[in-house]
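Data first, discussion second: the structure below is written as structure tokens.
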Amino acid sequence: MYDARWVGAHGIGRHAQEVADRLPDGWDRLFHDGGPRPWGRAEPVRMLRRLQTLPDRTTVVSAGYNLPLRGWEGSRAVATIHSGLHLQRAVNSRRYEAGYYARHLLAALRRAPLVLTVSDATRAEVAELAGTDPDRIEVIGNGVSAAFVPADPERTPIRASARPRVLASSSPKAHKNLVTVLGALARPELRDVHLTLLGGLNDVVRTLGADLHAQGRLDVRTGLDDRELAAELQAADLFLALSLQEGFDLPLVEAVATETPVVASDIAVHREVAGDLEAVLLVPALDEAAVAAAIARTLAEPPSPESRAYDRVAVRKRHDRDQVVTNLVDALERRGL
């Protein structure tokens, strides 16, 4: 069975939708009516009660990090950990979340028969932070949906002016490193560049971005579906991926799939998924001057159309949704689950 309650317009949710749509015959949904949200303080008990209604030896795979309380005799619940951020207490601002991760999830991952992850970088984090046996952690990968491979490769800018347009993922969470993004865009050498943030903001970012907004150089887009996001990426001159930590960073790969040049932070997972791509320039994550210089350089001398097309084909082959499901099913079969 597959717990697809994570499906939605966010990182885990998009992964969940693509996997749920591709599972082979014989798989069923854990909750047919959508079910309650798969996180929060009541989730471990709620999931345990649901699993106790299932036949013995039923394997349940979650698209996210929810696992039941100890007590399900089957012990065949498998979580998908998309980032080590979910295991680090310091990044969870609400007390009950910190308790969930520290007291429940880490122990549940140690006793799980299998843990799925999306990258080698995340696999290493799960082994270290949760103390899970590395041999019980499988990398199934992540993939690009068909929406990010446009039928018409012609780039059609979506902009109200002739300013170069830069996109960046945003979130209220500090790991997205928006302070550096905004600091770089405020530098004189980028004074003609427009920034579009994709996602939510926190009060600090709103304050730091006030000047850019007043200059008409900043806007925010939220709630985009895959096709809308693909159109935004294809129309941009550059995508910024300056996170301090990620489990995979799907938007970076999606940007490459739409042949959009990328400036990204030099972190382990970015080196893993895109370090050899010509359209991706890695920079120190917290160095505003280096980031601004990389943006200016890429806008002035973007990668050639040929190299961007080569990278697009490469990421489509490496990060294929069908292969993700094959990897998932094979991992279960190898363990008799």
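Each chain of the structure tokens is named A, B, ... in the order shown, its residues numbered from 1; ligands are numbered from 1 in display order.
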
Any idea what's packed within 9 Å of stretch 259-263 of chain A, counting only C-alpha atoms, ignoring anything in its chain fewer than 5 positions away? Could you give it as a PyMOL selection string?
chain A and resi 153+233-242+252+254+278-283+291+294-295+298-299+302-303+305+307-309+311-312

Contacts of stretch 23-26 of chain A at 10 Å or less, counting only C-alpha atoms, minus same-chain residues fewer than 6 places along, as a PyMOL selection string?
chain A and resi 1-2+322+325-326+328-329

Generate the output file for the selected residues, C-alpha atoms, as a CSV table (one decimal), in the first residue's frame.
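Below is the file that was written, result.csv:
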```
chain,number,residue,atom,x,y,z
A,1,MET,CA,0.0,0.0,0.0
A,2,TYR,CA,1.1,3.6,-0.6
A,322,ASP,CA,9.5,5.8,-14.2
A,325,VAL,CA,9.2,3.7,-9.2
A,326,THR,CA,11.3,0.8,-10.5
A,328,LEU,CA,11.3,1.6,-5.2
A,329,VAL,CA,9.7,-1.7,-6.2
```

Residues near stretch 173-178 of chain A, cut-off 10 Å, only C-alpha atoms, skip fewer than 5 positions along chain, as a short mmCIF file (atom, residue, chain, number, x, y, z; two decimals) with C-alpha atoms, in the first residue's frame:
```cif
data_model
loop_
_atom_site.label_atom_id
_atom_site.label_comp_id
_atom_site.auth_asym_id
_atom_site.auth_seq_id
_atom_site.Cartn_x
_atom_site.Cartn_y
_atom_site.Cartn_z
CA LEU A 85 16.47 18.66 7.64
CA VAL A 91 15.50 23.57 12.25
CA ASN A 92 12.05 22.84 13.67
CA SER A 93 10.70 25.94 15.35
CA ALA A 168 14.79 31.55 -6.89
CA GLY A 183 21.95 40.67 -0.58
CA ALA A 184 23.46 39.63 -3.91
CA LEU A 197 10.72 34.34 -5.60
CA GLY A 200 6.51 31.63 0.92
CA LEU A 201 8.49 34.25 2.84
CA ASN A 202 9.26 35.08 6.46
CA VAL A 204 13.08 38.87 7.79
CA VAL A 205 12.98 38.27 4.05
CA LEU A 208 15.25 42.73 3.43
CA GLY A 209 13.36 42.64 0.14
CA ALA A 241 19.51 27.60 -6.01
CA LEU A 242 21.44 28.88 -2.99
CA SER A 243 20.15 26.57 -0.27
CA LEU A 244 22.46 25.77 2.61
CA GLN A 245 21.12 22.21 2.71
CA GLU A 246 18.82 20.11 0.51
CA SER A 265 25.36 26.74 -3.81
CA ALA A 285 26.59 29.64 -0.51
CA LEU A 286 27.18 32.58 1.86
#
```

Within 10 Å of A:Leu250 using only C-alpha atoms, minus same-chain residues under 5 positions, as a ChimeraX atom specification:
/A:11-12,14-15,142-144,255,273,319

All strand (DSSP E) positions in stretch 94-217 of chain A, as a list in words
Val115, Leu116, Thr117, Ile137, Glu138, Val139, Arg165, Val166, Leu167, Ala168, Ser169, Ser170, His194, Leu195, Thr196, Leu197, Leu198 and Gly199 of chain A

Contacts of A:Gly64 within 9 Å, only C-alpha atoms, excl. fewer than 6 positions in-chain, as a PDB file with N, CA and C atoms, in the first residue's frame:
```pdb
ATOM      1  N   ASP A   3       1.033   5.374   0.968  1.00  0.00           N
ATOM      2  CA  ASP A   3       0.430   6.496   1.679  1.00  0.00           C
ATOM      3  C   ASP A   3       0.680   7.755   0.861  1.00  0.00           C
ATOM      4  N   ALA A   4      -0.305   8.119   0.063  1.00  0.00           N
ATOM      5  CA  ALA A   4      -0.167   9.242  -0.873  1.00  0.00           C
ATOM      6  C   ALA A   4      -0.746  10.537  -0.323  1.00  0.00           C
ATOM      7  N   ARG A   5      -0.951  10.610   1.000  1.00  0.00           N
ATOM      8  CA  ARG A   5      -1.548  11.824   1.561  1.00  0.00           C
ATOM      9  C   ARG A   5      -0.645  13.047   1.422  1.00  0.00           C
ATOM     10  N   TRP A   6       0.603  12.830   1.025  1.00  0.00           N
ATOM     11  CA  TRP A   6       1.531  13.949   0.867  1.00  0.00           C
ATOM     12  C   TRP A   6       1.312  14.719  -0.433  1.00  0.00           C
ATOM     13  N   ILE A  12       7.797  17.334  -1.542  1.00  0.00           N
ATOM     14  CA  ILE A  12       7.400  15.948  -1.274  1.00  0.00           C
ATOM     15  C   ILE A  12       6.107  15.625  -2.008  1.00  0.00           C
ATOM     16  N   GLY A  13       5.205  16.600  -2.053  1.00  0.00           N
ATOM     17  CA  GLY A  13       3.897  16.368  -2.668  1.00  0.00           C
ATOM     18  C   GLY A  13       3.980  16.061  -4.144  1.00  0.00           C
ATOM     19  N   ALA A  16       5.342  12.594  -4.490  1.00  0.00           N
ATOM     20  CA  ALA A  16       4.292  11.629  -4.138  1.00  0.00           C
ATOM     21  C   ALA A  16       3.311  11.418  -5.282  1.00  0.00           C
ATOM     22  N   PRO A  38      -0.670  13.980   6.782  1.00  0.00           N
ATOM     23  CA  PRO A  38       0.237  12.950   7.317  1.00  0.00           C
ATOM     24  C   PRO A  38       1.320  13.476   8.248  1.00  0.00           C
ATOM     25  N   ALA A  79       9.325   4.569   5.300  1.00  0.00           N
ATOM     26  CA  ALA A  79       9.231   6.008   5.071  1.00  0.00           C
ATOM     27  C   ALA A  79      10.184   6.427   3.953  1.00  0.00           C
ATOM     28  N   THR A  80       9.898   7.588   3.370  1.00  0.00           N
ATOM     29  CA  THR A  80      10.796   8.196   2.380  1.00  0.00           C
ATOM     30  C   THR A  80      11.323   9.499   2.967  1.00  0.00           C
ATOM     31  N   ILE A  81      12.609   9.555   3.230  1.00  0.00           N
ATOM     32  CA  ILE A  81      13.224  10.746   3.818  1.00  0.00           C
ATOM     33  C   ILE A  81      13.821  11.574   2.684  1.00  0.00           C
ATOM     34  N   HIS A  82      13.285  12.777   2.497  1.00  0.00           N
ATOM     35  CA  HIS A  82      13.703  13.628   1.392  1.00  0.00           C
ATOM     36  C   HIS A  82      14.843  14.566   1.763  1.00  0.00           C
TER      37      HIS A  82
END
```

When you draw a straight line from atom CA of A:Val60 to atom CA of A:Gly141, how long is it in Å?
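Atom-to-atom, atom CA of A:Val60 and atom CA of A:Gly141 are spaced 18.8 Å apart.
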
List every residue of stretch 126-296 of chain A that DSSP, applied to the backbone of this structure, places in helix (DSSP H, G or I), and write the result as a short mmCIF file (atom, residue, chain, number, x, y, z; two decimals) with C-alpha atoms, in the first residue's frame.
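Wrote it out as result.cif, contents follow:
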```cif
data_model
loop_
_atom_site.label_atom_id
_atom_site.label_comp_id
_atom_site.auth_asym_id
_atom_site.auth_seq_id
_atom_site.Cartn_x
_atom_site.Cartn_y
_atom_site.Cartn_z
CA VAL A 126 20.00 9.50 7.62
CA ALA A 127 22.73 7.02 8.56
CA GLU A 128 24.50 9.63 10.70
CA LEU A 129 21.57 11.47 12.30
CA ALA A 130 19.20 8.55 12.88
CA PRO A 134 23.31 2.13 5.91
CA ASP A 135 22.52 -1.27 4.41
CA ARG A 136 18.82 -0.63 5.16
CA ALA A 146 6.87 15.69 -18.37
CA ALA A 147 5.71 19.26 -17.71
CA PHE A 148 9.34 20.38 -17.56
CA ALA A 174 16.26 29.66 6.88
CA HIS A 175 17.99 26.91 4.90
CA LYS A 176 16.79 28.49 1.63
CA LEU A 178 17.26 34.07 0.98
CA VAL A 179 19.30 36.59 2.96
CA THR A 180 22.22 35.90 0.62
CA VAL A 181 19.94 35.89 -2.44
CA LEU A 182 18.56 39.33 -1.60
CA GLY A 183 21.95 40.67 -0.58
CA ALA A 184 23.46 39.63 -3.91
CA LEU A 185 20.61 41.15 -5.92
CA PRO A 188 25.26 47.64 -7.75
CA GLU A 189 26.39 45.27 -10.49
CA LEU A 190 22.92 43.65 -10.50
CA ASP A 203 9.30 38.53 8.08
CA VAL A 204 13.08 38.87 7.79
CA VAL A 205 12.98 38.27 4.05
CA ARG A 206 10.07 40.69 3.60
CA THR A 207 12.06 43.39 5.37
CA LEU A 208 15.25 42.73 3.43
CA ALA A 210 11.45 45.92 0.73
CA ASP A 211 13.90 48.04 -1.26
CA LEU A 212 13.92 45.67 -4.23
CA HIS A 213 10.14 45.59 -4.17
CA ALA A 214 9.93 49.39 -4.04
CA ASP A 226 3.99 21.94 -12.58
CA ARG A 227 3.03 23.49 -15.91
CA GLU A 228 3.00 27.01 -14.46
CA LEU A 229 6.34 26.46 -12.77
CA ALA A 230 7.81 25.03 -15.97
CA ALA A 231 6.66 28.11 -17.90
CA GLU A 232 8.25 30.42 -15.31
CA LEU A 233 11.52 28.50 -15.45
CA GLN A 234 11.64 28.38 -19.23
CA ALA A 235 11.04 32.12 -19.41
CA LEU A 250 14.22 19.17 -7.54
CA PRO A 251 13.72 22.76 -8.83
CA LEU A 252 17.40 22.93 -9.76
CA VAL A 253 17.07 19.82 -11.93
CA GLU A 254 13.78 21.11 -13.36
CA ALA A 255 15.49 24.36 -14.35
CA VAL A 256 18.15 22.42 -16.24
CA ALA A 257 15.38 20.38 -17.90
CA ALA A 268 27.04 18.01 -1.40
CA VAL A 269 23.72 17.27 -3.07
CA HIS A 270 24.20 19.92 -5.77
CA ARG A 271 27.57 18.40 -6.61
CA GLU A 272 25.88 15.00 -6.75
CA VAL A 273 22.95 15.83 -9.02
CA ALA A 274 24.41 18.62 -11.16
CA GLU A 288 27.25 37.58 -1.60
CA ALA A 289 30.02 38.99 -3.77
CA ALA A 290 30.78 35.61 -5.35
CA VAL A 291 27.09 34.97 -5.92
CA ALA A 292 26.58 38.38 -7.53
CA ALA A 293 29.64 37.86 -9.75
CA ALA A 294 28.36 34.43 -10.83
CA ILE A 295 24.94 35.87 -11.68
CA ALA A 296 26.47 38.74 -13.66
#
```

Could you check how far atom CA of A:Asn327 sits from atom CA of A:Val139, in Å to one decimal?
7.9 Å

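Taking atom CA of A:Leu48 as the reference point, atom CA of A:Leu69 is found at 5.9 Å.
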
Just checking: using only C-alpha atoms, which residue out of A:Asp287, A:Asp192, A:Glu138, A:Glu301 ends up closest to A:Arg335?
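Closest to A:Arg335 of all the choices is A:Glu138.
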
Rank A:Leu224, A:Val313, A:Leu105, A:Ala162 by their smallest atom-to-atom distance to A:Tyr65, using only C-alpha atoms, and report the top residue only.
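Among the listed residues, the smallest separation from A:Tyr65 belongs to A:Leu105.
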